[in-house]
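Shown here: final39.cif, mmCIF, C-alpha atoms and all ligand atoms.
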```
data_final
#
loop_
_atom_site.group_PDB
_atom_site.id
_atom_site.type_symbol
_atom_site.label_atom_id
_atom_site.label_comp_id
_atom_site.auth_asym_id
_atom_site.auth_seq_id
_atom_site.Cartn_x
_atom_site.Cartn_y
_atom_site.Cartn_z
ATOM 1 C CA MET A 1 312.692 -43.002 2.047
ATOM 2 C CA MET A 2 310.810 -41.004 -0.598
ATOM 3 C CA VAL A 3 311.529 -37.365 -1.378
ATOM 4 C CA TYR A 4 308.905 -35.013 -2.823
ATOM 5 C CA HIS A 5 308.985 -31.327 -3.712
ATOM 6 C CA MET A 6 306.067 -29.012 -3.192
ATOM 7 C CA GLY A 7 306.893 -25.445 -4.157
ATOM 8 C CA ASN A 8 309.805 -24.439 -1.932
ATOM 9 C CA ILE A 9 309.233 -27.277 0.455
ATOM 10 C CA VAL A 10 311.092 -30.587 0.386
ATOM 11 C CA ILE A 11 309.062 -33.442 1.895
ATOM 12 C CA ASN A 12 310.874 -36.538 3.001
ATOM 13 C CA VAL A 13 308.677 -39.526 3.868
ATOM 14 C CA SER A 14 310.426 -42.146 5.961
ATOM 15 C CA GLY A 15 309.470 -45.811 5.901
ATOM 16 C CA ASP A 16 309.360 -46.190 9.676
ATOM 17 C CA LEU A 17 310.138 -44.412 12.910
ATOM 18 C CA ASN A 18 313.750 -45.536 12.976
ATOM 19 C CA GLU A 19 314.327 -44.139 9.500
ATOM 20 C CA PHE A 20 312.478 -40.953 10.500
ATOM 21 C CA ASN A 21 314.750 -40.472 13.531
ATOM 22 C CA THR A 22 317.852 -41.121 11.437
ATOM 23 C CA ASN A 23 316.750 -38.738 8.671
ATOM 24 C CA CYS A 24 316.060 -35.924 11.110
ATOM 25 C CA ALA A 25 319.291 -36.477 13.061
ATOM 26 C CA MET A 26 321.371 -36.619 9.868
ATOM 27 C CA ASN A 27 319.848 -33.370 8.714
ATOM 28 C CA ILE A 28 320.735 -31.666 12.000
ATOM 29 C CA MET A 29 324.221 -33.203 11.826
ATOM 30 C CA GLU A 30 324.741 -31.893 8.296
ATOM 31 C CA GLN A 31 323.926 -28.379 9.480
ATOM 32 C CA ILE A 32 326.316 -28.569 12.436
ATOM 33 C CA ASN A 33 329.116 -30.134 10.418
ATOM 34 C CA LYS A 34 328.727 -27.424 7.806
ATOM 35 C CA LYS A 35 328.688 -24.643 10.428
ATOM 36 C CA PRO A 36 330.067 -25.858 13.786
ATOM 37 C CA ASP A 37 328.967 -22.688 15.584
ATOM 38 C CA SER A 38 325.404 -22.882 14.248
ATOM 39 C CA VAL A 39 322.659 -21.179 16.243
ATOM 40 C CA VAL A 40 320.093 -23.962 16.579
ATOM 41 C CA GLY A 41 316.564 -23.801 17.954
ATOM 42 C CA PHE A 42 315.568 -27.071 19.645
ATOM 43 C CA ALA A 43 312.042 -28.394 20.162
ATOM 44 C CA THR A 44 310.634 -30.678 22.838
ATOM 45 C CA GLY A 45 307.770 -33.197 22.855
ATOM 46 C CA SER A 46 307.471 -36.857 21.898
ATOM 47 C CA THR A 47 308.453 -36.358 18.261
ATOM 48 C CA PRO A 48 312.105 -35.321 18.756
ATOM 49 C CA GLU A 49 312.899 -37.830 21.522
ATOM 50 C CA GLY A 50 314.125 -40.522 19.133
ATOM 51 C CA VAL A 51 315.843 -37.888 16.996
ATOM 52 C CA TYR A 52 317.875 -36.694 19.981
ATOM 53 C CA LYS A 53 318.711 -40.293 20.828
ATOM 54 C CA LYS A 54 320.192 -40.676 17.333
ATOM 55 C CA LEU A 55 322.099 -37.415 17.716
ATOM 56 C CA VAL A 56 323.618 -38.738 20.950
ATOM 57 C CA GLU A 57 324.662 -41.918 19.112
ATOM 58 C CA LEU A 58 326.195 -39.857 16.312
ATOM 59 C CA TYR A 59 328.061 -37.809 18.923
ATOM 60 C CA ARG A 60 329.345 -40.954 20.655
ATOM 61 C CA SER A 61 330.617 -42.310 17.367
ATOM 62 C CA GLY A 62 332.519 -39.059 16.795
ATOM 63 C CA ARG A 63 330.458 -37.828 13.850
ATOM 64 C CA ILE A 64 329.151 -34.624 15.401
ATOM 65 C CA ASP A 65 330.589 -32.034 17.766
ATOM 66 C CA PHE A 66 328.337 -29.688 19.767
ATOM 67 C CA GLU A 67 331.112 -27.694 21.432
ATOM 68 C CA HIS A 68 330.482 -24.502 19.495
ATOM 69 C CA VAL A 69 326.761 -24.916 18.828
ATOM 70 C CA LYS A 70 324.566 -22.232 20.362
ATOM 71 C CA ALA A 71 321.269 -23.720 21.492
ATOM 72 C CA PHE A 72 317.988 -21.877 21.980
ATOM 73 C CA ASN A 73 314.884 -23.653 23.152
ATOM 74 C CA LEU A 74 311.712 -23.082 21.240
ATOM 75 C CA ASP A 75 309.548 -22.787 24.347
ATOM 76 C CA GLU A 76 309.084 -23.439 28.060
ATOM 77 C CA TYR A 77 306.084 -23.663 30.349
ATOM 78 C CA TYR A 78 305.411 -20.695 32.612
ATOM 79 C CA PRO A 79 305.514 -20.721 35.500
ATOM 80 C CA ILE A 80 307.499 -23.882 36.109
ATOM 81 C CA LYS A 81 310.517 -24.757 38.236
ATOM 82 C CA ARG A 82 313.555 -25.784 36.246
ATOM 83 C CA ASP A 83 313.913 -28.930 38.320
ATOM 84 C CA ASN A 84 310.329 -30.008 37.659
ATOM 85 C CA PRO A 85 310.787 -33.178 35.547
ATOM 86 C CA GLN A 86 308.135 -31.827 33.138
ATOM 87 C CA SER A 87 309.942 -28.544 32.472
ATOM 88 C CA TYR A 88 311.449 -28.277 29.027
ATOM 89 C CA TYR A 89 314.695 -27.431 30.788
ATOM 90 C CA SER A 90 314.624 -30.938 32.332
ATOM 91 C CA TYR A 91 313.548 -32.505 29.036
ATOM 92 C CA MET A 92 316.421 -30.971 27.084
ATOM 93 C CA GLN A 93 318.990 -31.809 29.754
ATOM 94 C CA LYS A 94 317.788 -35.392 29.866
ATOM 95 C CA HIS A 95 317.471 -36.076 26.153
ATOM 96 C CA LEU A 96 320.276 -34.001 24.692
ATOM 97 C CA TYR A 97 322.161 -31.287 26.534
ATOM 98 C CA SER A 98 323.684 -33.454 29.273
ATOM 99 C CA GLN A 99 324.386 -36.314 26.844
ATOM 100 C CA VAL A 100 326.708 -34.477 24.464
ATOM 101 C CA ASN A 101 329.445 -31.840 24.660
ATOM 102 C CA PHE A 102 327.536 -28.560 24.654
ATOM 103 C CA ASN A 103 329.285 -25.673 26.364
ATOM 104 C CA PRO A 104 326.758 -24.849 29.140
ATOM 105 C CA ALA A 105 327.292 -21.153 28.393
ATOM 106 C CA ASN A 106 325.811 -21.779 24.932
ATOM 107 C CA ILE A 107 322.565 -23.310 26.191
ATOM 108 C CA ASN A 108 319.604 -20.962 26.335
ATOM 109 C CA ILE A 109 316.113 -21.790 27.559
ATOM 110 C CA GLN A 110 313.359 -19.356 28.467
ATOM 111 C CA ASN A 111 313.310 -19.082 32.243
ATOM 112 C CA GLY A 112 310.069 -20.560 33.567
ATOM 113 C CA GLU A 113 310.914 -19.085 36.970
ATOM 114 C CA ALA A 114 311.391 -15.495 35.744
ATOM 115 C CA GLU A 115 309.638 -12.890 37.884
ATOM 116 C CA ASP A 116 308.796 -10.750 34.890
ATOM 117 C CA PRO A 117 307.902 -13.019 31.948
ATOM 118 C CA ARG A 118 307.672 -10.134 29.477
ATOM 119 C CA ALA A 119 311.160 -8.911 30.341
ATOM 120 C CA GLU A 120 312.381 -12.506 30.067
ATOM 121 C CA CYS A 121 310.940 -12.758 26.541
ATOM 122 C CA ALA A 122 312.536 -9.475 25.444
ATOM 123 C CA GLU A 123 315.861 -10.613 26.891
ATOM 124 C CA TYR A 124 315.561 -13.952 25.076
ATOM 125 C CA GLU A 125 315.053 -12.237 21.720
ATOM 126 C CA LYS A 126 318.081 -10.069 22.443
ATOM 127 C CA LYS A 127 320.181 -13.170 23.166
ATOM 128 C CA ILE A 128 319.143 -14.776 19.861
ATOM 129 C CA LYS A 129 320.126 -11.610 18.033
ATOM 130 C CA MET A 130 323.459 -11.358 19.863
ATOM 131 C CA ALA A 131 324.198 -14.975 18.929
ATOM 132 C CA GLY A 132 323.739 -14.044 15.259
ATOM 133 C CA ASN A 133 320.114 -15.212 14.773
ATOM 134 C CA LEU A 134 318.849 -18.732 14.201
ATOM 135 C CA ASP A 135 320.604 -20.724 11.509
ATOM 136 C CA TYR A 136 318.394 -23.740 11.966
ATOM 137 C CA GLN A 137 315.152 -24.492 13.799
ATOM 138 C CA VAL A 138 313.947 -27.947 14.805
ATOM 139 C CA LEU A 139 310.157 -27.892 14.845
ATOM 140 C CA GLY A 140 307.262 -30.241 15.606
ATOM 141 C CA ILE A 141 303.550 -29.575 15.166
ATOM 142 C CA GLY A 142 300.751 -29.841 17.710
ATOM 143 C CA SER A 143 297.580 -31.662 16.734
ATOM 144 C CA ASN A 144 295.902 -28.216 16.720
ATOM 145 C CA GLY A 145 298.480 -26.871 14.250
ATOM 146 C CA HIS A 146 300.602 -24.994 16.770
ATOM 147 C CA ILE A 147 304.347 -24.530 16.328
ATOM 148 C CA GLY A 148 306.193 -23.871 19.539
ATOM 149 C CA PHE A 149 303.332 -22.730 21.735
ATOM 150 C CA ASN A 150 301.938 -20.409 19.070
ATOM 151 C CA GLU A 151 298.340 -21.492 19.375
ATOM 152 C CA PRO A 152 295.594 -21.042 16.741
ATOM 153 C CA ASP A 153 294.608 -17.374 16.875
ATOM 154 C CA ASP A 154 293.307 -14.454 14.809
ATOM 155 C CA ARG A 155 296.784 -13.170 14.082
ATOM 156 C CA PHE A 156 300.313 -14.500 13.843
ATOM 157 C CA PRO A 157 302.219 -13.543 16.988
ATOM 158 C CA GLY A 158 305.603 -11.909 16.392
ATOM 159 C CA LYS A 159 308.510 -12.372 18.755
ATOM 160 C CA THR A 160 309.056 -14.472 21.893
ATOM 161 C CA HIS A 161 306.080 -13.903 24.170
ATOM 162 C CA LEU A 162 303.935 -15.141 27.030
ATOM 163 C CA VAL A 163 301.004 -17.173 25.742
ATOM 164 C CA ALA A 164 297.899 -18.779 27.203
ATOM 165 C CA LEU A 165 297.832 -22.451 26.255
ATOM 166 C CA ASN A 166 294.647 -23.616 24.622
ATOM 167 C CA GLU A 167 292.524 -26.484 25.846
ATOM 168 C CA LYS A 168 293.683 -28.896 23.160
ATOM 169 C CA THR A 169 297.333 -28.321 24.065
ATOM 170 C CA ILE A 170 296.622 -28.710 27.775
ATOM 171 C CA SER A 171 294.756 -31.958 27.176
ATOM 172 C CA ASP A 172 297.432 -33.260 24.705
ATOM 173 C CA ASN A 173 300.233 -32.458 27.155
ATOM 174 C CA SER A 174 298.425 -33.761 30.228
ATOM 175 C CA ARG A 175 299.782 -37.227 29.301
ATOM 176 C CA PHE A 176 303.115 -36.100 30.761
ATOM 177 C CA PHE A 177 301.585 -34.854 34.034
ATOM 178 C CA ASN A 178 299.508 -36.568 36.720
ATOM 179 C CA SER A 179 296.434 -34.649 35.553
ATOM 180 C CA ALA A 180 295.344 -31.813 33.232
ATOM 181 C CA GLU A 181 295.134 -29.548 36.302
ATOM 182 C CA GLU A 182 298.895 -29.838 36.768
ATOM 183 C CA VAL A 183 299.715 -28.592 33.255
ATOM 184 C CA PRO A 184 300.801 -24.939 33.440
ATOM 185 C CA LYS A 185 298.224 -22.709 31.750
ATOM 186 C CA THR A 186 300.739 -20.369 30.154
ATOM 187 C CA ALA A 187 304.104 -20.635 28.444
ATOM 188 C CA LEU A 188 306.966 -18.606 26.987
ATOM 189 C CA THR A 189 307.442 -19.312 23.304
ATOM 190 C CA MET A 190 309.421 -18.050 20.363
ATOM 191 C CA GLY A 191 306.946 -16.208 18.173
ATOM 192 C CA ILE A 192 306.139 -16.841 14.533
ATOM 193 C CA LYS A 193 308.544 -14.092 13.466
ATOM 194 C CA THR A 194 311.325 -15.643 15.529
ATOM 195 C CA ILE A 195 310.721 -19.058 13.978
ATOM 196 C CA MET A 196 310.363 -17.701 10.451
ATOM 197 C CA SER A 197 313.639 -15.786 10.814
ATOM 198 C CA ALA A 198 315.556 -19.096 11.026
ATOM 199 C CA LYS A 199 317.586 -19.659 7.863
ATOM 200 C CA LYS A 200 316.517 -23.289 7.701
ATOM 201 C CA ILE A 201 313.666 -25.187 9.354
ATOM 202 C CA LEU A 202 313.370 -28.919 9.985
ATOM 203 C CA PHE A 203 309.648 -29.587 10.318
ATOM 204 C CA MET A 204 308.865 -33.014 11.765
ATOM 205 C CA ALA A 205 305.725 -35.043 12.399
ATOM 206 C CA THR A 206 304.987 -38.652 13.205
ATOM 207 C CA GLY A 207 301.912 -40.776 13.811
ATOM 208 C CA ALA A 208 298.399 -41.022 12.405
ATOM 209 C CA LYS A 209 297.119 -38.327 14.777
ATOM 210 C CA LYS A 210 299.156 -35.737 12.874
ATOM 211 C CA ALA A 211 298.126 -36.754 9.324
ATOM 212 C CA ALA A 212 295.184 -34.333 8.969
ATOM 213 C CA ILE A 213 296.947 -31.325 10.480
ATOM 214 C CA VAL A 214 300.118 -31.910 8.435
ATOM 215 C CA LYS A 215 298.058 -31.803 5.262
ATOM 216 C CA GLU A 216 296.201 -28.698 6.406
ATOM 217 C CA ALA A 217 299.447 -26.963 7.359
ATOM 218 C CA LEU A 218 301.258 -27.723 4.111
ATOM 219 C CA VAL A 219 298.518 -27.400 1.494
ATOM 220 C CA GLY A 220 295.676 -25.580 3.271
ATOM 221 C CA ASP A 221 295.131 -21.831 3.524
ATOM 222 C CA ILE A 222 297.870 -19.825 5.175
ATOM 223 C CA THR A 223 296.076 -18.701 8.298
ATOM 224 C CA PRO A 224 296.840 -18.030 11.978
ATOM 225 C CA LYS A 225 294.068 -20.540 12.712
ATOM 226 C CA VAL A 226 296.671 -23.127 11.646
ATOM 227 C CA PRO A 227 299.918 -21.513 12.817
ATOM 228 C CA ALA A 228 302.146 -24.065 11.033
ATOM 229 C CA SER A 229 300.628 -23.014 7.683
ATOM 230 C CA VAL A 230 302.915 -19.961 7.786
ATOM 231 C CA LEU A 231 305.786 -22.333 6.930
ATOM 232 C CA GLN A 232 304.501 -22.362 3.341
ATOM 233 C CA LEU A 233 306.013 -18.870 3.119
ATOM 234 C CA HIS A 234 309.475 -19.943 4.275
ATOM 235 C CA THR A 235 312.031 -20.548 1.548
ATOM 236 C CA ASN A 236 314.099 -23.256 3.240
ATOM 237 C CA VAL A 237 311.965 -25.869 4.985
ATOM 238 C CA ILE A 238 312.625 -29.571 5.004
ATOM 239 C CA VAL A 239 309.635 -31.617 6.131
ATOM 240 C CA VAL A 240 310.355 -35.070 7.523
ATOM 241 C CA LEU A 241 307.353 -37.336 8.133
ATOM 242 C CA ASP A 242 306.815 -40.967 8.927
ATOM 243 C CA GLY A 243 304.358 -42.892 6.757
ATOM 244 C CA GLU A 244 301.471 -42.384 9.184
ATOM 245 C CA ALA A 245 301.828 -38.619 9.444
ATOM 246 C CA ALA A 246 302.218 -38.459 5.649
ATOM 247 C CA ALA A 247 299.087 -40.518 4.941
ATOM 248 C CA ASP A 248 296.735 -37.627 4.072
ATOM 249 C CA ILE A 249 299.187 -35.526 2.081
ATOM 250 C CA LEU A 250 300.795 -38.426 0.234
ATOM 251 C CA PRO A 251 298.114 -38.829 -2.484
ATOM 252 C CA LEU A 252 298.606 -35.149 -3.388
ATOM 253 C CA LEU A 253 302.373 -35.560 -3.557
ATOM 254 C CA GLU A 254 302.197 -38.684 -5.659
ATOM 255 C CA ASN A 255 300.080 -36.865 -8.218
ATOM 256 C CA THR A 256 302.628 -34.081 -8.684
HETATM 257 P P1 LIG A 301 304.585 -33.884 20.259
HETATM 258 O O1 LIG A 301 304.350 -32.316 20.351
HETATM 259 O O2 LIG A 301 305.913 -34.056 19.572
HETATM 260 O O3 LIG A 301 304.641 -34.320 21.690
HETATM 261 O O4 LIG A 301 303.458 -34.450 19.479
HETATM 262 C C1 LIG A 301 304.543 -31.548 19.217
HETATM 263 C C2 LIG A 301 304.153 -30.128 19.516
HETATM 264 O O5 LIG A 301 303.209 -29.904 20.308
HETATM 265 O O6 LIG A 301 304.766 -29.222 18.940
#
```
Mind turning this structure into structure tokens?
Amino acid sequence: MMVYHMGNIVINVSGDLNEFNTNCAMNIMEQINKKPDSVVGFATGSTPEGVYKKLVELYRSGRIDFEHVKAFNLDEYYPIKRDNPQSYYSYMQKHLYSQVNFNPANINIQNGEAEDPRAECAEYEKKIKMAGNLDYQVLGIGSNGHIGFNEPDDRFPGKTHLVALNEKTISDNSRFFNSAEEVPKTALTMGIKTIMSAKKILFMATGAKKAAIVKEALVGDITPKVPASVLQLHTNVIVVLDGEAAADILPLLENT
């Protein structure tokens, strides 16, 4: 593992996927061991799957305790039934929540079945505030630069909101569905303000397909056209990449 510093941002480049998963899981574990009742935002997608697997292993070996952790999901499709295997509710249950000792009362996910999505979003923000605000946010990046479902736009969206998914996201995520037509066209997502309010952010990316966007996000202009670029303004971000995702930014880091 190599560690680089770029302004406020710490960039950790892992040798392979196994090391990447371990590094991310250890970072999450450190947070929870330091503050057992941490308010943690969890992300979905392919990237964190192996990370959650490691967290489950760490839990089984007695090194981490989720009993007092308050979990908030980054996003959820809308509309979607909770029991749809592609809902982020199902994803989180499968990969993490049902595998470790969370108190179910501490698990929060935007309700993809809510009748009034706007009221659901306002309620979600209220719950985060009542919990004491996010201590730590686990975050991936879409190949279009999105974080959560904050898609490239002309402005940075604020709080949790209903969003129209863009074509790139629908086509990227269609791999999980039978066809692109089945992918919900809208979603409920924490906004940029919600994400940026987290005291610490773990920003993760793997694979060659993310190399260009990772570089753009971390050293390009700060612009809502690349939503992840806003992370350059956060004062406590740890970036964990595998070698492939780091390929484009690495030459810049090695010269610093
Ligand atoms: P992925 O998704 O981990 O499945 O690549 C990341 C994201 O869209 O945020």
* Just so the selection is clear, what residues does the PyMOL selection byres (((not hetatm)) within 9 of (chain A and resi 301)) cover here, as a PyMOL selection string? -> chain A and resi 43-49+139-149+169+172-173+204-207+209-210
* To do: Name the closest residue to Thr186 in chain A among the candidates A:Ile170, A:Leu250, A:Ala217, A:Met130; distances are taken between atoms, counting only C-alpha atoms.
  =>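 The shortest atom-to-atom distance to Thr186 in chain A comes from A:Ile170.
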* To do: For the file shown, report as a list in words the outcome of the PyMOL selection byres (((chain A and resi 187) around 8) and not hetatm) at residue level.
  =>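 Going through the file, the PyMOL selection byres (((chain A and resi 187) around 8) and not hetatm) ends up selecting Asp75, Glu76, Tyr77, Tyr78, Pro79, Gly112, Phe149, Leu162, Val163, Ala164, Leu165, Pro184, Lys185, Thr186, Leu188 and Thr189 of chain A.
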* Determine the residue set returned by the PyMOL selection byres (((chain A and resi 92) around 12) and not hetatm) for the present structure, and present it as a PyMOL selection string. => chain A and resi 41-46+48-49+52-53+71-76+82-83+85-91+93-100+102+107-109
* To do: Can you pull out every residue within 9 Å of Asn27 in chain A, counting all atoms listed in the file, but drop anything in the same chain fewer than 4 positions away, and send it as an NGL selection string?
  => :A and (22-23 or 31-32 or 202 or 238)
* Asked: So which residues are close to (307.0, -13.8, 26.5), meaning at most 9 Å away in the file's coordinates with only C-alpha atoms counted, and can you show them as an NGL selection string?
  -> :A and (110 or 117-122 or 124 or 159-163 or 187-191)
* Using only C-alpha atoms, which of A:Asn111, A:Ala228, A:Ser61, A:Leu253 sits nearest Pro152 in chain A? ->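 Nearest to Pro152 in chain A: A:Ala228.
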* Asked: Expressed in Å to a single decimal, how great is the separation between CA of Ala212 in chain A and CA of Glu19 in chain A?
  ->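 CA of Ala212 in chain A sits 21.5 Å away from CA of Glu19 in chain A.
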* Asked: Nearest to Val183 in chain A: which of A:Val40, A:Cys24, A:Leu55, A:Ile80 is it, counting all atoms listed in the file?
  ->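 Looking only at the distances to Val183 in chain A, the closest residue turns out to be A:Ile80.
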* To do: Write out as number ranges by chain the residues lying within 6 Å of range 62-68 of chain A, counting all atoms listed in the file and excluding same-chain residues fewer than 4 positions away.
  => A: 36-37, 58, 101-103
* Separation of CA of Leu241 in chain A from CA of Glu167 in chain A in Å ->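 A separation of 25.5 Å between them.
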* Asked: In Å, with one decimal, what is the gap from CA of Phe20 in chain A to CA of Val240 in chain A?
  ->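 CA of Val240 in chain A lies at a distance of 6.9 Å from CA of Phe20 in chain A.
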* Of the candidates A:Ala131, A:Pro227, A:Lys54, A:Ile201, which shows the shortest atom-to-atom distance to Leu17 in chain A, using all atoms listed in the file? ->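 Checking each candidate against Leu17 in chain A, we get A:Lys54 as the closest.
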* Structure fact -> Nearest to Phe177 in chain A, restricted to all atoms listed in the file and choosing among A:Lys215, A:Asn84, A:Pro104, A:Val10, comes out as A:Asn84
